[in-house]
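Undergrad: Pasting data.txt below, which is compact mmCIF, C-alpha atoms.
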# COMPACT_ATOMS: atom_id res chain seq x y z
CA MET A 1 -1.39 -33.67 15.49
CA ASN A 2 -0.39 -30.27 16.80
CA PHE A 3 -2.44 -27.08 16.77
CA LEU A 4 -1.01 -25.68 13.51
CA GLU A 5 -1.67 -28.93 11.65
CA TRP A 6 -5.21 -28.96 13.02
CA LEU A 7 -5.63 -25.31 12.00
CA GLN A 8 -4.63 -25.86 8.39
CA ALA A 9 -6.90 -28.91 8.17
CA THR A 10 -10.02 -26.90 9.11
CA ALA A 11 -12.59 -26.47 6.35
CA LEU A 12 -11.97 -22.70 6.27
CA ALA A 13 -8.20 -23.11 5.86
CA VAL A 14 -8.64 -25.73 3.14
CA SER A 15 -11.08 -23.55 1.24
CA VAL A 16 -8.68 -20.56 1.41
CA GLY A 17 -5.78 -22.73 0.26
CA GLU A 18 -7.66 -24.31 -2.62
CA THR A 19 -9.75 -21.42 -3.89
CA TRP A 20 -9.60 -18.05 -2.19
CA PHE A 21 -5.90 -17.44 -1.55
CA PRO A 22 -5.32 -14.93 -4.42
CA TRP A 23 -8.43 -12.92 -3.44
CA VAL A 24 -7.48 -12.88 0.24
CA GLU A 25 -3.91 -11.91 -0.67
CA ALA A 26 -5.04 -9.07 -2.97
CA ALA A 27 -7.36 -7.74 -0.23
CA HIS A 28 -4.42 -7.97 2.21
CA VAL A 29 -2.40 -5.70 -0.12
CA VAL A 30 -5.21 -3.11 -0.23
CA PHE A 31 -5.55 -3.13 3.58
CA LEU A 32 -1.82 -2.96 4.22
CA ALA A 33 -1.48 -0.09 1.76
CA ALA A 34 -4.01 1.87 3.81
CA VAL A 35 -2.39 0.86 7.12
CA ALA A 36 1.14 1.77 6.05
CA GLY A 37 0.14 4.88 4.09
CA THR A 38 -1.90 6.45 6.90
CA ILE A 39 0.81 5.60 9.45
CA PHE A 40 3.51 7.10 7.18
CA MET A 41 1.50 10.34 6.92
CA VAL A 42 1.42 10.64 10.74
CA ASP A 43 5.07 9.55 11.07
CA ALA A 44 6.14 12.16 8.51
CA ARG A 45 4.32 14.84 10.53
CA LEU A 46 5.92 13.59 13.76
CA MET A 47 9.35 13.78 12.15
CA GLY A 48 8.56 17.28 10.87
CA PHE A 49 8.81 16.36 7.16
CA ALA A 50 5.26 17.00 5.98
CA SER A 51 1.84 18.46 6.82
CA ARG A 52 3.53 21.01 9.08
CA ASN A 53 0.48 23.27 8.54
CA LEU A 54 -1.69 20.72 10.42
CA ARG A 55 -1.84 20.15 14.16
CA VAL A 56 -0.37 16.76 15.06
CA SER A 57 -3.50 15.83 17.05
CA TYR A 58 -5.80 16.87 14.18
CA LEU A 59 -3.92 14.77 11.63
CA ALA A 60 -3.78 11.80 14.02
CA GLN A 61 -7.52 12.02 14.75
CA HIS A 62 -8.31 12.00 11.03
CA MET A 63 -5.87 9.28 9.96
CA LEU A 64 -5.80 6.75 12.79
CA PRO A 65 -9.46 5.58 12.61
CA TRP A 66 -8.73 4.58 8.99
CA THR A 67 -5.53 2.90 10.14
CA TRP A 68 -7.48 0.74 12.61
CA VAL A 69 -10.21 -0.20 10.13
CA ALA A 70 -7.58 -1.22 7.57
CA PHE A 71 -5.47 -2.97 10.23
CA SER A 72 -8.48 -5.11 11.20
CA GLY A 73 -8.89 -6.09 7.57
CA ALA A 74 -5.17 -6.87 7.25
CA VAL A 75 -5.24 -9.04 10.40
CA ILE A 76 -8.29 -10.99 9.19
CA THR A 77 -6.89 -11.55 5.68
CA GLY A 78 -3.41 -12.26 7.10
CA THR A 79 -4.82 -14.84 9.51
CA LEU A 80 -6.72 -16.54 6.68
CA MET A 81 -3.53 -16.79 4.60
CA PHE A 82 -1.58 -18.07 7.62
CA MET A 83 -4.22 -20.74 8.27
CA ALA A 84 -3.93 -22.08 4.73
CA ASN A 85 -0.30 -23.06 5.40
CA ALA A 86 0.12 -22.64 9.15
CA ALA A 87 2.76 -25.26 9.94
CA SER A 88 4.98 -24.08 7.09
CA TYR A 89 4.69 -20.32 7.76
CA ALA A 90 5.44 -20.80 11.45
CA THR A 91 8.95 -22.02 10.57
CA LYS A 92 9.79 -19.39 7.94
CA ALA A 93 12.31 -16.77 9.09
CA PRO A 94 10.77 -13.82 7.15
CA PHE A 95 7.38 -14.56 8.72
CA LEU A 96 8.83 -14.64 12.25
CA ILE A 97 10.84 -11.45 11.62
CA LYS A 98 7.70 -9.75 10.27
CA MET A 99 5.79 -10.70 13.44
CA GLY A 100 8.67 -9.36 15.55
CA LEU A 101 8.61 -6.05 13.67
CA LEU A 102 4.82 -5.82 14.11
CA LEU A 103 5.33 -6.30 17.83
CA GLY A 104 8.05 -3.63 17.76
CA ALA A 105 5.73 -1.21 15.94
CA GLY A 106 3.01 -1.94 18.51
CA LEU A 107 5.25 -1.36 21.52
CA ASN A 108 6.61 1.85 19.97
CA MET A 109 3.03 3.06 19.42
CA LEU A 110 2.01 2.10 22.95
CA TYR A 111 4.93 4.01 24.52
CA PHE A 112 4.27 7.00 22.25
CA HIS A 113 0.58 7.18 23.15
CA LEU A 114 0.98 6.54 26.87
CA VAL A 115 4.00 8.77 27.43
CA THR A 116 5.10 11.14 24.66
CA TYR A 117 1.66 12.00 23.28
CA ARG A 118 0.37 13.11 26.70
CA GLY A 119 2.29 16.33 26.25
CA VAL A 120 1.05 16.91 22.68
CA ALA A 121 -0.57 20.22 23.64
CA GLY A 122 2.93 21.66 23.98
CA TRP A 123 4.04 20.71 20.45
CA ASP A 124 0.78 20.30 18.49
CA VAL A 125 1.87 23.20 16.30
CA GLY A 126 5.41 23.40 14.96
CA LYS A 127 8.30 21.01 15.39
CA PRO A 128 7.71 17.93 17.59
CA PRO A 129 10.26 17.12 20.33
CA GLY A 130 12.99 14.51 19.96
CA ALA A 131 10.92 11.73 21.56
CA ALA A 132 8.10 12.24 19.04
CA ARG A 133 10.50 12.45 16.09
CA THR A 134 12.17 9.24 17.27
CA ALA A 135 8.79 7.49 17.62
CA GLY A 136 7.93 8.55 14.05
CA ALA A 137 11.25 7.23 12.72
CA ILE A 138 10.98 3.90 14.58
CA SER A 139 7.41 3.46 13.36
CA MET A 140 8.36 4.14 9.74
CA LEU A 141 11.32 1.74 9.86
CA CYS A 142 9.22 -1.01 11.49
CA TRP A 143 6.50 -0.73 8.87
CA ILE A 144 8.95 -0.66 5.96
CA GLY A 145 10.40 -3.84 7.47
CA VAL A 146 6.96 -5.40 7.90
CA ILE A 147 6.27 -4.86 4.20
CA ALA A 148 9.71 -6.05 3.06
CA PHE A 149 9.65 -9.25 5.13
CA GLY A 150 5.98 -9.77 4.35
CA ARG A 151 6.75 -9.76 0.63
CA TRP A 152 9.75 -11.99 1.24
CA ILE A 153 7.52 -14.68 2.83
CA GLY A 154 6.25 -15.46 -0.68
CA PHE A 155 9.77 -16.22 -1.89
CA VAL A 156 10.92 -18.83 0.65
CA MET B 1 8.78 -9.55 -33.63
CA GLY B 2 5.81 -10.92 -31.70
CA LEU B 3 5.17 -10.48 -27.99
CA GLN B 4 6.61 -13.92 -27.24
CA GLN B 5 9.86 -13.19 -29.09
CA PHE B 6 10.04 -9.76 -27.47
CA SER B 7 9.68 -11.39 -24.02
CA ASP B 8 12.37 -13.94 -24.88
CA TRP B 9 14.71 -11.19 -26.06
CA LEU B 10 14.03 -8.99 -23.01
CA ALA B 11 14.62 -11.91 -20.63
CA SER B 12 17.94 -12.63 -22.35
CA THR B 13 19.35 -9.10 -21.99
CA ALA B 14 22.25 -8.65 -19.59
CA PHE B 15 20.20 -6.26 -17.41
CA SER B 16 17.31 -8.71 -17.05
CA GLN B 17 19.76 -11.54 -16.31
CA ALA B 18 21.45 -9.43 -13.64
CA ILE B 19 18.11 -8.89 -11.83
CA GLN B 20 17.11 -12.54 -12.20
CA LEU B 21 20.42 -13.74 -10.77
CA THR B 22 20.27 -11.40 -7.77
CA GLN B 23 18.14 -13.38 -5.36
CA TRP B 24 16.85 -10.47 -3.28
CA ALA B 25 16.27 -8.11 -6.22
CA ILE B 26 12.68 -9.01 -7.07
CA PRO B 27 11.31 -8.96 -3.49
CA ALA B 28 13.20 -5.69 -2.91
CA ILE B 29 11.74 -4.06 -6.04
CA GLN B 30 8.27 -5.33 -5.11
CA THR B 31 8.70 -3.84 -1.63
CA VAL B 32 9.46 -0.41 -3.16
CA HIS B 33 6.41 -0.90 -5.41
CA ILE B 34 4.18 -1.64 -2.38
CA LEU B 35 5.57 1.29 -0.35
CA ALA B 36 4.82 3.68 -3.23
CA LEU B 37 1.31 2.29 -3.68
CA ALA B 38 0.68 2.72 0.07
CA LEU B 39 1.48 6.44 -0.28
CA LEU B 40 -0.57 6.75 -3.46
CA PHE B 41 -3.59 4.97 -1.99
CA THR B 42 -3.54 7.04 1.20
CA ALA B 43 -3.14 10.33 -0.71
CA ALA B 44 -6.05 9.30 -2.97
CA LEU B 45 -8.11 8.41 0.13
CA ILE B 46 -7.43 11.84 1.69
CA VAL B 47 -8.47 13.59 -1.55
CA ALA B 48 -11.61 11.43 -1.90
CA LEU B 49 -12.61 12.04 1.73
CA ARG B 50 -12.19 15.79 1.25
CA PHE B 51 -14.39 15.66 -1.88
CA SER B 52 -17.03 13.76 0.09
CA GLY B 53 -17.06 16.57 2.66
CA ARG B 54 -15.27 14.66 5.40
CA GLY B 55 -11.67 14.45 6.33
CA LEU B 56 -8.99 17.08 6.64
CA ALA B 57 -10.70 20.46 6.35
CA VAL B 58 -8.16 22.93 7.70
CA GLU B 59 -7.01 23.96 4.25
CA SER B 60 -9.08 24.66 1.14
CA LEU B 61 -9.96 21.86 -1.25
CA HIS B 62 -7.67 23.49 -3.77
CA MET B 63 -4.64 23.49 -1.43
CA LEU B 64 -5.31 20.01 -0.10
CA ALA B 65 -5.80 18.52 -3.56
CA ARG B 66 -2.66 20.22 -4.86
CA ARG B 67 -0.56 18.84 -1.99
CA PHE B 68 -1.85 15.28 -2.06
CA ILE B 69 -2.33 14.89 -5.82
CA ARG B 70 1.35 15.79 -6.07
CA VAL B 71 2.04 12.82 -3.75
CA ILE B 72 -0.02 10.67 -6.16
CA TRP B 73 2.06 11.73 -9.19
CA ILE B 74 5.38 11.21 -7.39
CA ALA B 75 4.24 7.77 -6.18
CA LEU B 76 3.13 6.92 -9.74
CA VAL B 77 6.60 7.70 -11.08
CA VAL B 78 8.14 5.35 -8.48
CA LEU B 79 5.49 2.72 -9.29
CA ALA B 80 6.19 3.00 -13.02
CA GLY B 81 9.95 2.75 -12.47
CA SER B 82 9.74 -0.27 -10.15
CA GLY B 83 7.02 -1.81 -12.35
CA ILE B 84 9.21 -1.52 -15.46
CA LEU B 85 12.09 -3.19 -13.58
CA LEU B 86 9.75 -6.06 -12.65
CA ILE B 87 8.67 -6.45 -16.29
CA VAL B 88 12.28 -6.47 -17.48
CA ALA B 89 13.19 -9.05 -14.83
CA GLU B 90 10.30 -11.39 -15.62
CA PRO B 91 8.85 -10.43 -19.03
CA HIS B 92 6.95 -13.69 -19.48
CA ARG B 93 4.92 -12.94 -16.40
CA THR B 94 3.42 -9.73 -17.83
CA ILE B 95 3.93 -9.15 -21.53
CA SER B 96 1.58 -11.89 -22.70
CA ASN B 97 -0.69 -11.67 -19.64
CA PRO B 98 -4.21 -10.22 -20.15
CA VAL B 99 -4.43 -9.41 -16.41
CA PHE B 100 -1.46 -7.06 -16.82
CA TYR B 101 -3.21 -5.24 -19.71
CA THR B 102 -6.41 -5.02 -17.66
CA LYS B 103 -4.35 -3.37 -14.93
CA MET B 104 -2.87 -0.90 -17.44
CA VAL B 105 -6.33 0.04 -18.77
CA LEU B 106 -7.59 0.62 -15.22
CA LEU B 107 -4.45 2.66 -14.52
CA ALA B 108 -5.07 4.84 -17.58
CA ILE B 109 -8.66 5.49 -16.42
CA ALA B 110 -7.56 6.24 -12.83
CA THR B 111 -4.94 8.67 -14.15
CA LEU B 112 -7.60 10.49 -16.20
CA THR B 113 -10.09 10.69 -13.32
CA THR B 114 -7.31 11.96 -11.02
CA LEU B 115 -6.40 14.65 -13.58
CA TRP B 116 -10.07 15.57 -13.73
CA LEU B 117 -10.38 15.76 -9.90
CA SER B 118 -7.25 17.89 -9.85
CA ALA B 119 -8.81 20.30 -12.37
CA VAL B 120 -12.10 20.32 -10.43
CA ALA B 121 -10.27 21.22 -7.20
CA ARG B 122 -8.46 24.01 -8.99
CA HIS B 123 -11.52 25.59 -10.62
CA GLN B 124 -14.53 24.72 -8.47
CA HIS B 125 -12.98 25.53 -5.09
CA GLU B 126 -15.51 24.31 -2.54
CA ARG B 127 -18.46 23.92 -4.93
CA VAL B 128 -18.28 20.19 -5.47
CA SER B 129 -21.29 18.39 -6.89
CA GLY B 130 -22.56 14.84 -6.66
CA LEU B 131 -20.77 14.11 -9.92
CA HIS B 132 -17.42 15.14 -8.40
CA ARG B 133 -18.05 13.03 -5.30
CA ALA B 134 -18.96 10.07 -7.51
CA GLY B 135 -15.75 10.66 -9.48
CA ALA B 136 -13.68 10.62 -6.29
CA ALA B 137 -15.37 7.39 -5.15
CA LEU B 138 -14.89 5.80 -8.59
CA THR B 139 -11.20 6.74 -8.47
CA MET B 140 -10.81 4.91 -5.14
CA LEU B 141 -12.50 1.82 -6.62
CA LEU B 142 -10.16 2.01 -9.60
CA TRP B 143 -7.06 2.06 -7.35
CA ILE B 144 -8.43 -0.95 -5.45
CA GLY B 145 -9.09 -2.72 -8.77
CA ILE B 146 -5.53 -1.90 -9.90
CA MET B 147 -4.09 -3.45 -6.72
CA PHE B 148 -6.21 -6.58 -7.18
CA ALA B 149 -5.16 -6.85 -10.83
CA GLY B 150 -1.53 -6.34 -9.80
CA ARG B 151 -1.64 -9.25 -7.38
CA PHE B 152 -3.57 -11.42 -9.85
CA ILE B 153 -0.81 -11.02 -12.47
CA ALA B 154 1.07 -13.60 -10.39
CA TYR B 155 -1.80 -16.08 -10.59
CA TYR B 156 -2.68 -15.91 -14.26
CA ASP B 157 -1.93 -19.26 -15.83
CA ALA B 158 -0.70 -18.87 -19.38
CA TYR B 159 -1.43 -22.47 -20.30
Starting from the coordinates I provided, produce the structure as structure tokens.
TA:
Amino acid sequence: MNFLEWLQATALAVSVGETWFPWVEAAHVVFLAAVAGTIFMVDARLMGFASRNLRVSYLAQHMLPWTWVAFSGAVITGTLMFMANAASYATKAPFLIKMGLLLGAGLNMLYFHLVTYRGVAGWDVGKPPGAARTAGAISMLCWIGVIAFGRWIGFV
Amino acid sequence: MGLQQFSDWLASTAFSQAIQLTQWAIPAIQTVHILALALLFTAALIVALRFSGRGLAVESLHMLARRFIRVIWIALVVLAGSGILLIVAEPHRTISNPVFYTKMVLLAIATLTTLWLSAVARHQHERVSGLHRAGAALTMLLWIGIMFAGRFIAYYDAY
């Protein structure tokens, strides 16, 4: 028996699969709405579309703590759903693509914070530079993809 | 014509058939629905946080509420449009489903409380009371309830 089969045979996974799946899934939707929505607000500011009256750093400081709280909730609920059917999810293309896009969003964020954002003082007000606009666009595309492929998992 | 016959008729229309026969159509419409609700929920969160005295405080409550409540209304239009498409595509899933009507009642209440908060922001400026804060918190709970009800539509067993 491999790890995934063991995982979905645990008491927790069985209880999610038999009873709690709809509740966990609904909570996942609430968390992901907050994750994606708060990230989109920051991305839109980075791309220069919206909230141009706010400093980039100010908006980020107010949105991103909520993003992380909601992301924790989405990871916990997502893991519970995965456990309920681990061996099957692990072979589904939309699931694997979604995980790839999450990784892409994470790497984009990491590069943005470690490199581009260091110079934020220079563009906190007004139009962000090309690197910041690009990071905002990549982030938005990744998260739209995460949601699209995430929804698609339920259809295969 | 009863609800059942109406559902049968709706499902048999050419438009409904076209959506049903396009394999990617329903997940794509649901994705648009989720993207719009992400924007709505975040805009509602920003408004509720401002009412509670936290959150973005650079602009006045009036300006902030006007900006973000507009996002809520635009998102609601997209949600209604995508939601109607989903009903047309799969009428039996919603039209005789009490969970769907629960969601619609919650939606009507959330719309009213949002209209009220919008009016409060316009007239009270910064003088928000405990009642207004409670209203903002209730509105957040309503949106969460609406999302739960939305997901539970899929799990309601008609038999």
Undergrad: When you look at Ala75 of chain B with a cut-off of 12 Å (counting only C-alpha atoms), what residues show up, excluding the ones that are within fewer than 2 positions of it in the same chain? I need them as a list of chain:residue names.
TA: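 What passes the distance filter is A:Gly37, B:Val32, B:His33, B:Ile34, B:Leu35, B:Ala36, B:Leu37, B:Ala38, B:Leu39, B:Leu40, B:Phe41, B:Thr42, B:Ala43, B:Ala44, B:Phe68, B:Ile69, B:Arg70, B:Val71, B:Ile72, B:Trp73, B:Val77, B:Val78, B:Leu79, B:Ala80, B:Gly81, B:Ser82, B:Gly83.
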Undergrad: Can you work out the spacing between atom CA of Ile29 of chain B and atom CA of Phe152 of chain B in Å, to one decimal?
TA: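 Here the two named atoms are 17.4 Å from each other.
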Undergrad: I'd like the contact shell of Ala121 of chain A - 10 Å cut-off, all atoms listed in the file, skipping same-chain residues fewer than 2 positions apart - returned as a PyMOL selection string.
TA: chain A and resi 55-57+117-119+123-125
Undergrad: Selection from above, C-alpha atoms, as a compact mmCIF listing (two decimals), in the coordinates of the input, can you write it?
TA:
# COMPACT_ATOMS: atom_id res chain seq x y z
CA ARG A 55 -1.84 20.15 14.16
CA VAL A 56 -0.37 16.76 15.06
CA SER A 57 -3.50 15.83 17.05
CA TYR A 117 1.66 12.00 23.28
CA ARG A 118 0.37 13.11 26.70
CA GLY A 119 2.29 16.33 26.25
CA TRP A 123 4.04 20.71 20.45
CA ASP A 124 0.78 20.30 18.49
CA VAL A 125 1.87 23.20 16.30
Undergrad: Mind giving me the straight-line distance from atom CA of Lys92 of chain A to atom CA of Gln8 of chain A in Å, one decimal?
TA: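 Atom-to-atom, atom CA of Lys92 of chain A to atom CA of Gln8 of chain A, that is 15.8 Å.
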Undergrad: Chain A residues within 8 Å of chain B, counting only C-alpha atoms: which ones, as a PyMOL selection string?
TA: chain A and resi 22-23+25-27+29-30+32-38+40+54+59+62+144+147-148+151-152+155
Undergrad: Let's have the selection written as a PDB file, keeping the file's coordinate frame, with C-alpha atoms.
TA:
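Wrote it out as out11.pdb, contents follow:
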ATOM      1  CA  PRO A  22      -5.320 -14.930  -4.420  1.00  0.00           C
ATOM      2  CA  TRP A  23      -8.430 -12.920  -3.440  1.00  0.00           C
ATOM      3  CA  GLU A  25      -3.910 -11.910  -0.670  1.00  0.00           C
ATOM      4  CA  ALA A  26      -5.040  -9.070  -2.970  1.00  0.00           C
ATOM      5  CA  ALA A  27      -7.360  -7.740  -0.230  1.00  0.00           C
ATOM      6  CA  VAL A  29      -2.400  -5.700  -0.120  1.00  0.00           C
ATOM      7  CA  VAL A  30      -5.210  -3.110  -0.230  1.00  0.00           C
ATOM      8  CA  LEU A  32      -1.820  -2.960   4.220  1.00  0.00           C
ATOM      9  CA  ALA A  33      -1.480  -0.090   1.760  1.00  0.00           C
ATOM     10  CA  ALA A  34      -4.010   1.870   3.810  1.00  0.00           C
ATOM     11  CA  VAL A  35      -2.390   0.860   7.120  1.00  0.00           C
ATOM     12  CA  ALA A  36       1.140   1.770   6.050  1.00  0.00           C
ATOM     13  CA  GLY A  37       0.140   4.880   4.090  1.00  0.00           C
ATOM     14  CA  THR A  38      -1.900   6.450   6.900  1.00  0.00           C
ATOM     15  CA  PHE A  40       3.510   7.100   7.180  1.00  0.00           C
ATOM     16  CA  LEU A  54      -1.690  20.720  10.420  1.00  0.00           C
ATOM     17  CA  LEU A  59      -3.920  14.770  11.630  1.00  0.00           C
ATOM     18  CA  HIS A  62      -8.310  12.000  11.030  1.00  0.00           C
ATOM     19  CA  ILE A 144       8.950  -0.660   5.960  1.00  0.00           C
ATOM     20  CA  ILE A 147       6.270  -4.860   4.200  1.00  0.00           C
ATOM     21  CA  ALA A 148       9.710  -6.050   3.060  1.00  0.00           C
ATOM     22  CA  ARG A 151       6.750  -9.760   0.630  1.00  0.00           C
ATOM     23  CA  TRP A 152       9.750 -11.990   1.240  1.00  0.00           C
ATOM     24  CA  PHE A 155       9.770 -16.220  -1.890  1.00  0.00           C
TER      25      PHE A 155
END
Undergrad: In terms of the shortest atom-to-atom distance over all atoms listed in the file, which of B:Ile74, B:Leu117, B:Val99, B:Met104 is closest to His132 of chain B?
TA: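 Of the candidates, the smallest distance to His132 of chain B is held by B:Leu117.
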Undergrad: Restricting the calculation to only C-alpha atoms, which member of A:Tyr58, A:Phe49, A:Trp66, A:Phe82 is positioned closest to Glu5 of chain A?
TA: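 Looking only at the distances to Glu5 of chain A, the closest residue turns out to be A:Phe82.
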Undergrad: Atom CA of Met1 of chain B to atom CA of Val105 of chain B: how many Å, to one decimal?
TA: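 Value for the atom CA of Met1 of chain B-atom CA of Val105 of chain B distance: 23.3 Å.
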Undergrad: Excluding Ala70 of chain A and residues on its chain fewer than 3 positions from it, collect all residues at most 6 Å away from it, counting all atoms listed in the file, and give them as a ChimeraX atom specification.
TA: /A:31,35,67,73
Undergrad: Go through A:Val24, A:Pro128, A:Gly154, A:Thr10 and flag the residue nearest Ala74 of chain A, using all atoms listed in the file for the distances.
TA: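 Using all atoms listed in the file, the shortest distance to Ala74 of chain A belongs to A:Val24.
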Undergrad: Find the residues near Ala84 of chain A: any atom within 7 Å, counting only C-alpha atoms, skip ones fewer than 4 places away on the same chain, and give them as a list in words.
TA: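 Contacts, in chain order: Gln8, Ala13, Val14, Val16, Gly17 and Leu80 of chain A.
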Undergrad: Find the residue from A:Gln61, A:Ser139, A:Thr79, A:Thr134 that sits nearest to Thr116 of chain A; use only C-alpha atoms when measuring.
TA: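 Nearest candidate to Thr116 of chain A out of A:Gln61, A:Ser139, A:Thr79, A:Thr134: A:Thr134.
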Undergrad: Name the residues in contact with Ala134 of chain B at a cut-off of 12 Å, using all atoms listed in the file, excluding same-chain residues fewer than 5 positions from it; report them as a PyMOL selection string.
TA: chain B and resi 48-49+51-52+113+117+128-129+139-141
Undergrad: In terms of the shortest atom-to-atom distance over only C-alpha atoms, which of A:Met140, A:Leu102, A:Ser51, A:Ala44 is closest to Phe71 of chain A?
TA: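 Of the candidates, the smallest distance to Phe71 of chain A is held by A:Leu102.
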